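Everything below belongs to upload-v2.txt, which stores compact mmCIF, C-alpha atoms and all ligand atoms.
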```txt
# COMPACT_ATOMS: atom_id res chain seq x y z
CA MET J 1 -31.68 61.64 -51.81
CA ASP J 2 -28.08 60.78 -52.48
CA ASN J 3 -26.34 63.35 -54.59
CA PRO J 4 -23.24 65.43 -53.94
CA GLU J 5 -25.14 68.70 -53.66
CA TRP J 6 -24.62 70.65 -50.46
CA PRO J 7 -27.40 69.64 -48.06
CA THR J 8 -28.82 73.16 -47.71
CA ALA J 9 -31.33 72.43 -50.45
CA GLN J 10 -32.53 69.36 -48.56
CA LEU J 11 -32.69 71.20 -45.28
CA LYS J 12 -34.69 73.98 -46.91
CA LEU J 13 -37.17 71.39 -48.18
CA LEU J 14 -37.33 69.82 -44.75
CA GLU J 15 -37.80 73.18 -43.06
CA GLN J 16 -40.96 73.65 -45.10
CA SER J 17 -42.40 70.32 -43.95
CA ASP J 18 -44.81 69.97 -41.05
CA VAL J 19 -42.57 67.46 -39.30
CA TYR J 20 -39.75 69.98 -39.16
CA ARG J 21 -42.00 72.80 -37.92
CA TRP J 22 -43.13 70.58 -35.09
CA PHE J 23 -39.88 68.85 -34.41
CA ILE J 24 -37.28 71.60 -34.29
CA PRO J 25 -38.89 74.07 -31.85
CA ARG J 26 -39.76 71.25 -29.47
CA HIS J 27 -36.43 69.50 -29.76
CA LEU J 28 -34.22 72.53 -29.59
CA GLY J 29 -36.33 74.95 -27.62
CA GLY J 30 -37.14 73.92 -24.11
CA LEU J 31 -37.29 70.17 -24.77
CA GLN J 32 -41.06 70.16 -24.52
CA TRP J 33 -41.37 66.84 -26.31
CA GLU J 34 -41.00 63.62 -24.38
CA PRO J 35 -37.85 61.68 -25.34
CA ALA J 36 -39.97 58.90 -26.87
CA GLN J 37 -41.71 61.43 -29.12
CA ILE J 38 -38.33 62.73 -30.27
CA ALA J 39 -37.16 59.16 -30.99
CA SER J 40 -40.35 58.49 -32.89
CA ALA J 41 -39.86 61.67 -34.96
CA TYR J 42 -36.30 60.60 -35.80
CA VAL J 43 -37.64 57.25 -37.07
CA LYS J 44 -40.13 59.03 -39.33
CA LEU J 45 -37.61 61.58 -40.59
CA ALA J 46 -34.98 58.90 -41.30
CA SER J 47 -37.56 56.86 -43.15
CA ALA J 48 -38.21 59.90 -45.38
CA CYS J 49 -34.52 60.76 -45.92
CA LEU J 50 -31.63 59.27 -43.95
CA THR J 51 -29.09 61.80 -45.24
CA THR J 52 -31.11 64.83 -44.19
CA THR J 53 -31.86 63.33 -40.80
CA PHE J 54 -28.23 62.41 -40.24
CA ILE J 55 -27.14 65.99 -41.00
CA LEU J 56 -29.74 67.15 -38.51
CA THR J 57 -28.35 64.85 -35.79
CA GLN J 58 -24.88 66.35 -36.20
CA ARG J 59 -26.30 69.86 -35.81
CA VAL J 60 -28.20 68.69 -32.76
CA ALA J 61 -25.05 67.02 -31.39
CA ALA J 62 -23.20 70.35 -31.64
CA LEU J 63 -26.10 72.12 -30.01
CA ARG J 64 -26.28 69.64 -27.13
CA ARG J 65 -22.58 70.15 -26.40
CA ILE J 66 -23.08 73.92 -26.47
CA CYS J 67 -26.15 73.73 -24.22
CA ALA J 68 -24.28 71.52 -21.72
CA SER J 69 -21.32 73.91 -21.53
CA ASP J 70 -20.40 75.50 -18.21
CA ASN J 71 -18.93 78.45 -20.17
CA VAL J 72 -22.09 80.54 -19.85
CA ALA J 73 -20.89 83.56 -21.87
CA LEU J 74 -19.89 81.42 -24.87
CA ARG J 75 -23.00 79.27 -24.58
CA ASP J 76 -25.38 82.22 -24.57
CA THR J 77 -23.65 83.99 -27.47
CA LEU J 78 -23.76 80.86 -29.61
CA LEU J 79 -27.32 79.95 -28.68
CA SER J 80 -28.65 83.38 -29.57
CA GLY J 81 -26.93 83.12 -32.97
CA ILE J 82 -28.37 79.64 -33.49
CA LEU J 83 -31.87 80.75 -32.55
CA GLU J 84 -31.61 83.73 -34.91
CA GLY J 85 -30.45 81.39 -37.67
CA ASN J 86 -27.09 83.15 -38.14
CA THR J 87 -24.98 80.41 -36.56
CA GLN J 88 -24.80 76.92 -38.07
CA ALA J 89 -22.81 74.50 -35.94
CA THR J 90 -21.65 70.96 -36.57
CA VAL J 91 -19.44 68.56 -34.68
CA GLY J 92 -16.04 66.87 -35.15
CA ILE J 93 -15.23 64.87 -32.05
CA SER J 94 -14.88 61.21 -33.05
CA HIS J 95 -11.07 61.38 -32.92
CA LEU J 96 -11.32 61.98 -29.16
CA THR J 97 -12.84 58.54 -28.59
CA THR J 98 -12.73 56.26 -31.64
CA SER J 99 -11.23 57.49 -34.89
CA ARG J 100 -7.42 57.24 -35.34
CA ARG J 101 -6.93 56.16 -31.72
CA HIS J 102 -4.67 53.24 -32.70
CA LEU J 103 -2.07 55.60 -34.19
CA GLY J 104 -0.73 56.43 -30.72
CA GLN J 105 -0.64 60.17 -31.41
CA PRO J 106 -3.42 62.76 -31.39
CA ALA J 107 -5.16 63.41 -34.71
CA CYS J 108 -5.48 66.99 -33.48
CA LEU J 109 -2.76 68.28 -31.14
CA ALA J 110 -3.27 71.25 -28.77
CA ILE J 111 -0.22 72.98 -27.32
CA GLU J 112 -0.51 75.65 -24.64
CA LYS J 113 0.68 78.93 -26.17
CA ASP J 114 0.16 82.68 -25.65
CA SER J 115 -2.31 82.09 -22.78
CA GLY J 116 -4.38 79.90 -25.09
CA TYR J 117 -3.89 76.83 -27.31
CA SER J 118 -2.32 76.27 -30.70
CA VAL J 119 -4.10 73.43 -32.53
CA THR J 120 -2.60 71.47 -35.42
CA GLY J 121 -3.80 68.32 -37.15
CA GLN J 122 -7.20 67.30 -38.40
CA SER J 123 -10.64 66.39 -37.24
CA PRO J 124 -11.10 63.44 -39.60
CA TRP J 125 -14.90 63.34 -39.79
CA VAL J 126 -17.03 66.47 -39.81
CA THR J 127 -20.46 66.42 -41.41
CA GLY J 128 -21.52 69.52 -43.32
CA ALA J 129 -18.48 71.57 -42.26
CA CYS J 130 -18.48 73.48 -45.56
CA GLY J 131 -21.92 74.87 -44.75
CA ALA J 132 -21.25 75.57 -41.07
CA THR J 133 -20.22 78.84 -39.47
CA HIS J 134 -18.93 77.11 -36.33
CA LEU J 135 -17.45 73.77 -35.33
CA VAL J 136 -17.62 71.99 -31.99
CA VAL J 137 -14.32 70.18 -32.08
CA GLY J 138 -11.79 68.51 -29.81
CA ALA J 139 -8.02 68.29 -29.55
CA GLU J 140 -5.59 66.46 -27.30
CA MET J 141 -2.72 67.90 -25.30
CA PRO J 142 0.68 66.18 -24.89
CA ASP J 143 -0.21 65.21 -21.29
CA GLY J 144 -3.36 63.35 -22.47
CA ARG J 145 -5.86 66.00 -21.40
CA GLN J 146 -8.36 66.99 -24.06
CA ILE J 147 -9.96 70.30 -24.94
CA LEU J 148 -13.44 70.74 -26.40
CA PHE J 149 -13.95 74.08 -28.06
CA VAL J 150 -16.01 76.05 -30.55
CA ILE J 151 -14.29 77.73 -33.44
CA ALA J 152 -15.50 79.73 -36.44
CA THR J 153 -14.88 77.88 -39.71
CA ASP J 154 -13.23 80.99 -41.18
CA ALA J 155 -10.69 81.30 -38.33
CA PRO J 156 -7.06 81.64 -39.54
CA GLY J 157 -5.41 78.22 -40.12
CA ILE J 158 -8.61 76.25 -40.72
CA THR J 159 -9.16 74.51 -44.06
CA VAL J 160 -12.40 72.77 -44.95
CA PRO J 161 -11.80 70.56 -48.00
CA HIS J 162 -14.67 69.29 -50.14
CA GLY J 163 -16.50 66.34 -48.58
CA LEU J 164 -15.20 62.79 -49.13
CA ASP J 165 -16.53 60.59 -51.92
CA LEU J 166 -18.65 58.31 -49.75
CA VAL J 167 -20.36 54.97 -50.42
CA ALA J 168 -23.68 56.57 -49.37
CA LEU J 169 -24.95 59.75 -47.69
CA THR J 170 -22.75 61.69 -50.11
CA ALA J 171 -24.85 64.81 -49.74
CA SER J 172 -23.89 65.00 -46.06
CA GLN J 173 -20.60 66.53 -47.31
CA THR J 174 -18.67 64.70 -44.60
CA GLY J 175 -14.89 64.97 -44.55
CA PRO J 176 -11.88 66.16 -42.58
CA VAL J 177 -11.29 69.68 -41.30
CA LYS J 178 -7.63 70.66 -41.16
CA PHE J 179 -6.00 72.81 -38.48
CA GLU J 180 -2.64 74.54 -38.95
CA ASN J 181 -1.50 76.41 -35.83
CA VAL J 182 -5.05 77.55 -35.14
CA PHE J 183 -5.19 79.78 -32.09
CA VAL J 184 -7.90 78.80 -29.61
CA ASP J 185 -8.64 81.43 -26.99
CA PRO J 186 -9.60 79.93 -23.60
CA SER J 187 -12.91 81.80 -23.83
CA TRP J 188 -13.88 79.40 -26.67
CA LEU J 189 -13.51 76.28 -24.51
CA LEU J 190 -16.81 74.58 -23.71
CA THR J 191 -15.32 73.16 -20.53
CA ASP J 192 -11.99 72.98 -18.73
CA PRO J 193 -9.29 70.71 -20.23
CA THR J 194 -9.51 67.20 -18.80
CA GLN J 195 -8.93 63.54 -19.63
CA GLN J 196 -11.78 62.10 -21.72
CA VAL J 197 -13.49 65.44 -22.03
CA LEU J 198 -16.60 64.03 -23.73
CA ALA J 199 -17.33 61.60 -20.91
CA ALA J 200 -16.75 64.40 -18.39
CA SER J 201 -19.63 66.37 -19.89
CA GLY J 202 -22.05 63.62 -18.86
CA LEU J 203 -23.57 63.46 -22.37
CA THR J 204 -23.62 60.16 -24.21
CA SER J 205 -21.66 60.26 -27.44
CA THR J 206 -21.73 56.90 -29.17
CA GLY J 207 -24.42 54.25 -29.25
CA SER J 208 -27.30 56.46 -28.08
CA THR J 209 -30.93 55.65 -28.90
CA GLN J 210 -30.80 58.35 -31.57
CA THR J 211 -28.54 56.27 -33.81
CA SER J 212 -30.87 53.29 -33.29
CA ALA J 213 -33.83 55.47 -34.28
CA LEU J 214 -32.14 56.39 -37.56
CA ALA J 215 -31.37 52.72 -38.29
CA LEU J 216 -35.00 51.83 -37.62
CA GLY J 217 -36.15 54.64 -39.91
CA LEU J 218 -34.11 53.27 -42.81
CA ALA J 219 -35.26 49.71 -42.05
CA THR J 220 -38.85 50.97 -42.07
CA SER J 221 -38.46 52.19 -45.66
CA ALA J 222 -37.30 48.72 -46.71
CA VAL J 223 -40.06 46.94 -44.74
CA ASN J 224 -42.73 49.23 -46.23
CA PHE J 225 -41.47 48.44 -49.71
CA ILE J 226 -41.58 44.68 -49.05
CA GLU J 227 -45.07 44.99 -47.60
CA GLN J 228 -46.23 46.93 -50.65
CA GLU J 229 -44.80 44.28 -52.99
CA SER J 230 -46.44 41.50 -50.95
CA ARG J 231 -49.88 42.93 -51.82
CA GLN J 232 -49.40 41.72 -55.39
CA ARG J 233 -47.10 38.78 -54.60
CA PRO J 234 -48.62 36.33 -52.09
CA ASP J 235 -45.33 34.42 -51.76
CA LEU J 236 -43.94 37.48 -49.95
CA PHE J 237 -46.75 37.72 -47.43
CA GLU J 238 -44.99 35.66 -44.74
CA THR J 239 -41.76 37.64 -45.20
CA ALA J 240 -43.55 40.98 -44.89
CA GLU J 241 -45.49 39.85 -41.82
CA ALA J 242 -42.34 38.59 -40.07
CA LEU J 243 -40.47 41.83 -40.73
CA LYS J 244 -43.39 44.02 -39.66
CA LYS J 245 -43.59 42.10 -36.38
CA GLN J 246 -39.87 42.56 -35.72
CA GLN J 247 -40.11 46.24 -36.68
CA SER J 248 -42.93 46.83 -34.27
CA GLU J 249 -41.13 45.00 -31.43
CA LEU J 250 -37.95 46.98 -32.04
CA GLU J 251 -39.86 50.28 -32.15
CA ASP J 252 -41.50 49.38 -28.85
CA ARG J 253 -38.07 48.69 -27.31
CA LEU J 254 -36.67 51.93 -28.75
CA LEU J 255 -39.47 54.04 -27.33
CA LYS J 256 -39.26 52.35 -23.93
CA LEU J 257 -35.51 52.76 -23.71
CA SER J 258 -35.77 56.38 -24.85
CA SER J 259 -38.28 56.95 -22.03
CA GLY J 260 -35.82 55.64 -19.47
CA ILE J 261 -37.32 52.15 -19.07
CA ALA J 262 -34.21 49.98 -18.84
CA ILE J 263 -35.38 46.98 -20.88
CA CYS J 264 -31.85 46.62 -22.30
CA THR J 265 -28.76 48.78 -22.77
CA ASN J 266 -28.36 51.31 -25.60
CA GLU J 267 -25.64 49.11 -27.04
CA GLU J 268 -27.81 45.97 -27.02
CA LEU J 269 -30.57 47.84 -28.84
CA ARG J 270 -28.10 49.30 -31.34
CA THR J 271 -26.73 45.80 -32.03
CA GLU J 272 -30.24 44.56 -32.82
CA MET J 273 -31.01 47.64 -34.95
CA ASN J 274 -27.81 47.22 -36.95
CA SER J 275 -28.72 43.61 -37.63
CA PHE J 276 -32.28 44.58 -38.54
CA VAL J 277 -31.34 47.41 -40.91
CA LEU J 278 -28.80 45.22 -42.72
CA ARG J 279 -31.25 42.31 -43.02
CA THR J 280 -34.26 44.37 -44.10
CA THR J 281 -32.41 46.41 -46.72
CA GLN J 282 -30.87 43.27 -48.24
CA ALA J 283 -34.28 41.59 -48.14
CA SER J 284 -35.63 44.57 -50.10
CA MET J 285 -32.98 43.93 -52.76
CA ALA J 286 -33.92 40.23 -52.94
CA VAL J 287 -37.57 41.21 -53.29
CA ALA J 288 -36.83 43.89 -55.92
CA LYS J 289 -34.77 41.34 -57.93
CA GLY J 290 -32.67 42.63 -60.83
CA ALA J 291 -34.70 45.82 -61.03
CA GLY J 292 -33.39 46.68 -57.57
CA PHE J 293 -29.83 46.38 -58.82
CA VAL J 294 -30.28 49.16 -61.36
CA GLN J 295 -29.17 52.66 -60.32
CA GLY J 296 -32.16 54.73 -59.26
CA HIS J 297 -34.12 51.94 -57.55
CA PRO J 298 -34.20 52.72 -53.81
CA ALA J 299 -33.27 49.16 -52.74
CA GLY J 300 -29.66 49.64 -53.87
CA ARG J 301 -29.39 52.93 -52.01
CA TRP J 302 -30.96 51.43 -48.87
CA CYS J 303 -28.38 48.61 -48.92
CA ARG J 304 -25.53 51.12 -49.16
CA GLU J 305 -27.03 53.40 -46.52
CA ALA J 306 -27.40 50.45 -44.12
CA LEU J 307 -23.62 49.94 -44.21
CA PHE J 308 -23.28 53.35 -42.58
CA PHE J 309 -24.54 51.90 -39.29
CA LEU J 310 -21.56 49.54 -39.15
CA VAL J 311 -19.21 52.52 -38.96
CA TRP J 312 -21.03 55.57 -37.61
CA SER J 313 -20.86 56.19 -33.88
CA CYS J 314 -20.57 52.44 -33.35
CA PRO J 315 -19.22 51.32 -29.96
CA PRO J 316 -16.74 48.38 -29.93
CA SER J 317 -19.25 46.03 -28.28
CA VAL J 318 -21.74 46.66 -31.10
CA ILE J 319 -19.12 46.13 -33.80
CA HIS J 320 -18.03 42.92 -32.05
CA ALA J 321 -21.60 41.58 -31.81
CA ASN J 322 -22.37 42.50 -35.44
CA LEU J 323 -19.11 40.88 -36.58
CA CYS J 324 -19.98 37.69 -34.67
CA GLU J 325 -23.35 37.57 -36.45
CA LEU J 326 -21.77 38.17 -39.85
CA VAL J 327 -19.06 35.57 -39.23
CA GLY J 328 -21.54 33.10 -37.74
CA ILE J 329 -20.02 32.64 -34.29
CA GLU J 330 -21.73 32.98 -30.91
C1 LIG G 401 -20.37 59.28 -43.26
C2 LIG G 401 -19.76 59.51 -41.91
C3 LIG G 401 -20.09 60.65 -41.21
C4 LIG G 401 -19.53 60.92 -39.97
N1 LIG G 401 -19.81 62.10 -39.36
C5 LIG G 401 -19.20 62.41 -38.20
C6 LIG G 401 -19.38 63.70 -37.62
O1 LIG G 401 -20.12 64.56 -38.12
N2 LIG G 401 -18.73 63.98 -36.47
C7 LIG G 401 -17.89 63.08 -35.88
O2 LIG G 401 -17.33 63.41 -34.84
N3 LIG G 401 -17.69 61.87 -36.42
C8 LIG G 401 -18.30 61.50 -37.57
N4 LIG G 401 -18.06 60.27 -38.15
C9 LIG G 401 -17.07 59.36 -37.51
C10 LIG G 401 -17.63 58.03 -37.04
O3 LIG G 401 -18.54 58.20 -35.99
C11 LIG G 401 -16.48 57.08 -36.60
O4 LIG G 401 -15.71 57.66 -35.62
C12 LIG G 401 -15.60 56.73 -37.79
O5 LIG G 401 -16.40 56.16 -38.79
C13 LIG G 401 -14.49 55.76 -37.37
O6 LIG G 401 -13.81 55.35 -38.56
P1 LIG G 401 -12.23 55.59 -38.80
O7 LIG G 401 -11.93 55.10 -40.17
O8 LIG G 401 -11.86 56.98 -38.48
O9 LIG G 401 -11.64 54.59 -37.68
P2 LIG G 401 -10.17 54.19 -37.37
O10 LIG G 401 -10.19 53.43 -36.06
O11 LIG G 401 -9.24 55.35 -37.44
O12 LIG G 401 -9.81 53.13 -38.51
C14 LIG G 401 -9.24 53.52 -39.79
C15 LIG G 401 -8.33 52.44 -40.31
O13 LIG G 401 -7.26 52.27 -39.40
C16 LIG G 401 -6.89 50.89 -39.27
N5 LIG G 401 -7.04 50.47 -37.86
C17 LIG G 401 -8.11 50.65 -37.05
N6 LIG G 401 -7.87 50.15 -35.82
C18 LIG G 401 -6.63 49.64 -35.85
C19 LIG G 401 -5.82 48.98 -34.89
N7 LIG G 401 -6.22 48.75 -33.65
N8 LIG G 401 -4.58 48.59 -35.26
C20 LIG G 401 -4.14 48.82 -36.52
N9 LIG G 401 -4.85 49.43 -37.48
C21 LIG G 401 -6.08 49.84 -37.14
C22 LIG G 401 -7.82 50.11 -40.19
O14 LIG G 401 -7.13 49.89 -41.41
C23 LIG G 401 -8.99 51.05 -40.42
O15 LIG G 401 -9.57 50.89 -41.68
C24 LIG G 401 -18.62 59.98 -39.39
C25 LIG G 401 -18.33 58.80 -40.09
C26 LIG G 401 -18.86 58.58 -41.33
C27 LIG G 401 -18.48 57.32 -42.08
```

Write the structure described by the file as structure tokens, please.
Ligand SMILES: Cc1cc2nc3c(=O)[nH]c(=O)nc-3n(C[C@H](O)[C@H](O)[C@H](O)COP(=O)(O)OP(=O)(O)OC[C@H]3O[C@@H](n4cnc5c(N)ncnc54)[C@H](O)[C@@H]3O)c2cc1C
Amino acid sequence: MDNPEWPTAQLKLLEQSDVYRWFIPRHLGGLQWEPAQIASAYVKLASACLTTTFILTQRVAALRRICASDNVALRDTLLSGILEGNTQATVGISHLTTSRRHLGQPACLAIEKDSGYSVTGQSPWVTGACGATHLVVGAEMPDGRQILFVIATDAPGITVPHGLDLVALTASQTGPVKFENVFVDPSWLLTDPTQQVLAASGLTSTGSTQTSALALGLATSAVNFIEQESRQRPDLFETAEALKKQQSELEDRLLKLSSGIAICTNEELRTEMNSFVLRTTQASMAVAKGAGFVQGHPAGRWCREALFFLVWSCPPSVIHANLCELVGIE
């Protein structure tokens, strides 16, 4: 699915599926699933539709930040709204750690004012903001401390433009959210202002196993296609076997790492997954030949979607390692 429609239609479809009925209550309510089961579910969901699964991860990211908040009153109010289905939250925090950092000035500036904060600027990347009722978003103060807060999308001074025209995952409706002197009451802060507020929460932000699971899900679609083609084309048999073996080894590593078995770091796994998803999707194009280059064939979409993993939530060490592979240096 890659059309500019607002993702609600996709989420509605997903909500009706068995995977969703199993996945959401266990993931969001009480964490009854083991982490490896959650990772495995992400692989399956991403293999079915990367865009829908990505949107889901951003909702879950907002939820995790809310759950981890030490502001109990705010947390409980938001959680009850989320559980009732009246509150839809998404997250815009990349400018606190990665996006626009080289500019030397905050993308989103928070000034102490009227016993609260006045926020101006933009959160450059927010997925599905136009369908959200609330945003988990960050801003930086002149002294370098950061605030992490929740704000209603219809609060005065907030503008949510239409999503950007993306290379892929267009239906995620990702784009900037603009802030013009938006008043943030201290009761909306998820935690006290501090340097590197995301790290202070103890939650991982970039390079987690979740992003690797989504990459593996997309790669799985491409590998399945190549395997299917190999049934009629014996010259592809060796290719399909080699990719299936790598897929199974990577899935094993993903599930082990998700379970807390330190076979490698998150970033090492992500580096391998990025390489794998780029290689498998391009292999699917080579296998599909010219037919794959025609709009509507999934191979072209898979190739474009794989590029996403070079830019989304990608720690510098992963980018560096992927660049070295692309450039051909050790
Ligand atoms: C489809 C999509 C969905 C996303 N969804 C979310 C989301 O829901 N929530 C969220 O928080 N984040 C989200 N992100 C953000 C993502 O995780 C990354 O933070 C983002 O892709 C970083 O890209 P950037 O262009 O902002 O990086 P930047 O570092 O700002 O780079 C932009 C440009 O600045 C220049 N530049 C970069 N570094 C330097 C330098 N050192 N010196 C000089 N010039 C430089 C380059 O020309 C570069 O092209 C999303 C990203 C994408 C693509």

Original post:
Pick the closest to Gly163 in chain J from J:Phe149, J:Phe179, J:Trp125, J:Trp188: which is it, counting all atoms listed in the file?
Top reply: J:Trp125

Original post:
Hey, which residues come within 7 Å of ligand LIG 401 (chain G) if we count all atoms listed in the file? Could you give them as a list of chain:residue names?
Top reply: J:Gln58, J:Thr90, J:Val91, J:Gly92, J:Ile93, J:Ser94, J:His95, J:Thr98, J:Ser99, J:Arg100, J:Arg101, J:His102, J:Pro124, J:Trp125, J:Val126, J:Thr127, J:Leu166, J:Leu169, J:Thr174, J:Phe308, J:Val311, J:Trp312, J:Ser313, J:Cys314

Subject >> Å distance separating CA of Leu148 in chain J from CA of Thr52 in chain J, one decimal place >> reply: 25.8 Å

**OP:** Record the distance separating CA of Ile158 in chain J and CA of Ala139 in chain J, expressed in Å with one decimal.
**Re:** 13.7 Å

**OP:** Find the residues around range 77-89 of chain J up to 10 Å (all atoms listed in the file counted), leave out those fewer than 2 positions away in its own chain, and share them as a ChimeraX atom specification.
**Re:** /J:25,28-29,58-63,66-67,72-75,91,128-129,131-136,150-153

Just-selected residues, C-alpha atoms written as a CSV table (one decimal), in the coordinates of the input:
```
chain,number,residue,atom,x,y,z
J,25,PRO,CA,-38.9,74.1,-31.8
J,28,LEU,CA,-34.2,72.5,-29.6
J,29,GLY,CA,-36.3,75.0,-27.6
J,58,GLN,CA,-24.9,66.4,-36.2
J,59,ARG,CA,-26.3,69.9,-35.8
J,60,VAL,CA,-28.2,68.7,-32.8
J,61,ALA,CA,-25.0,67.0,-31.4
J,62,ALA,CA,-23.2,70.4,-31.6
J,63,LEU,CA,-26.1,72.1,-30.0
J,66,ILE,CA,-23.1,73.9,-26.5
J,67,CYS,CA,-26.2,73.7,-24.2
J,72,VAL,CA,-22.1,80.5,-19.8
J,73,ALA,CA,-20.9,83.6,-21.9
J,74,LEU,CA,-19.9,81.4,-24.9
J,75,ARG,CA,-23.0,79.3,-24.6
J,91,VAL,CA,-19.4,68.6,-34.7
J,128,GLY,CA,-21.5,69.5,-43.3
J,129,ALA,CA,-18.5,71.6,-42.3
J,131,GLY,CA,-21.9,74.9,-44.8
J,132,ALA,CA,-21.2,75.6,-41.1
J,133,THR,CA,-20.2,78.8,-39.5
J,134,HIS,CA,-18.9,77.1,-36.3
J,135,LEU,CA,-17.4,73.8,-35.3
J,136,VAL,CA,-17.6,72.0,-32.0
J,150,VAL,CA,-16.0,76.0,-30.6
J,151,ILE,CA,-14.3,77.7,-33.4
J,152,ALA,CA,-15.5,79.7,-36.4
J,153,THR,CA,-14.9,77.9,-39.7
```

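Nearest-residue note for Cys324 in chain J: choosing from J:Thr271, J:Ser40, J:Ser201, J:Ser284, the minimum distance belongs to J:Thr271, counting only C-alpha atoms.
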
Original post:
Which one of J:Leu216, J:Ala110, J:Leu243, J:Ala283 sits closest to Tyr42 in chain J if you count only C-alpha atoms?
Top reply: J:Leu216

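If you measure from each of J:Ala222, J:Leu254, J:Val167, J:Leu323 to Thr209 in chain J using only C-alpha atoms, the closest one turns out to be J:Leu254.
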
Original post:
Which residue gives the smallest distance to Ser47 in chain J among J:Asp154, J:Glu241, J:Glu305, J:Glu330, with only C-alpha atoms counted?
Top reply: J:Glu305

**OP:** Take CA of Ala213 in chain J and CA of His297 in chain J and report the distance between them in Å, one decimal.
**Re:** 23.5 Å

Original post:
For Gly121 in chain J, which residue out of J:Cys264, J:Ala46, J:Val182, J:Val318 is the nearest one, using all atoms listed in the file?
Top reply: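 Of J:Cys264, J:Ala46, J:Val182, J:Val318, the one nearest Gly121 in chain J is J:Val182, counting all atoms listed in the file.
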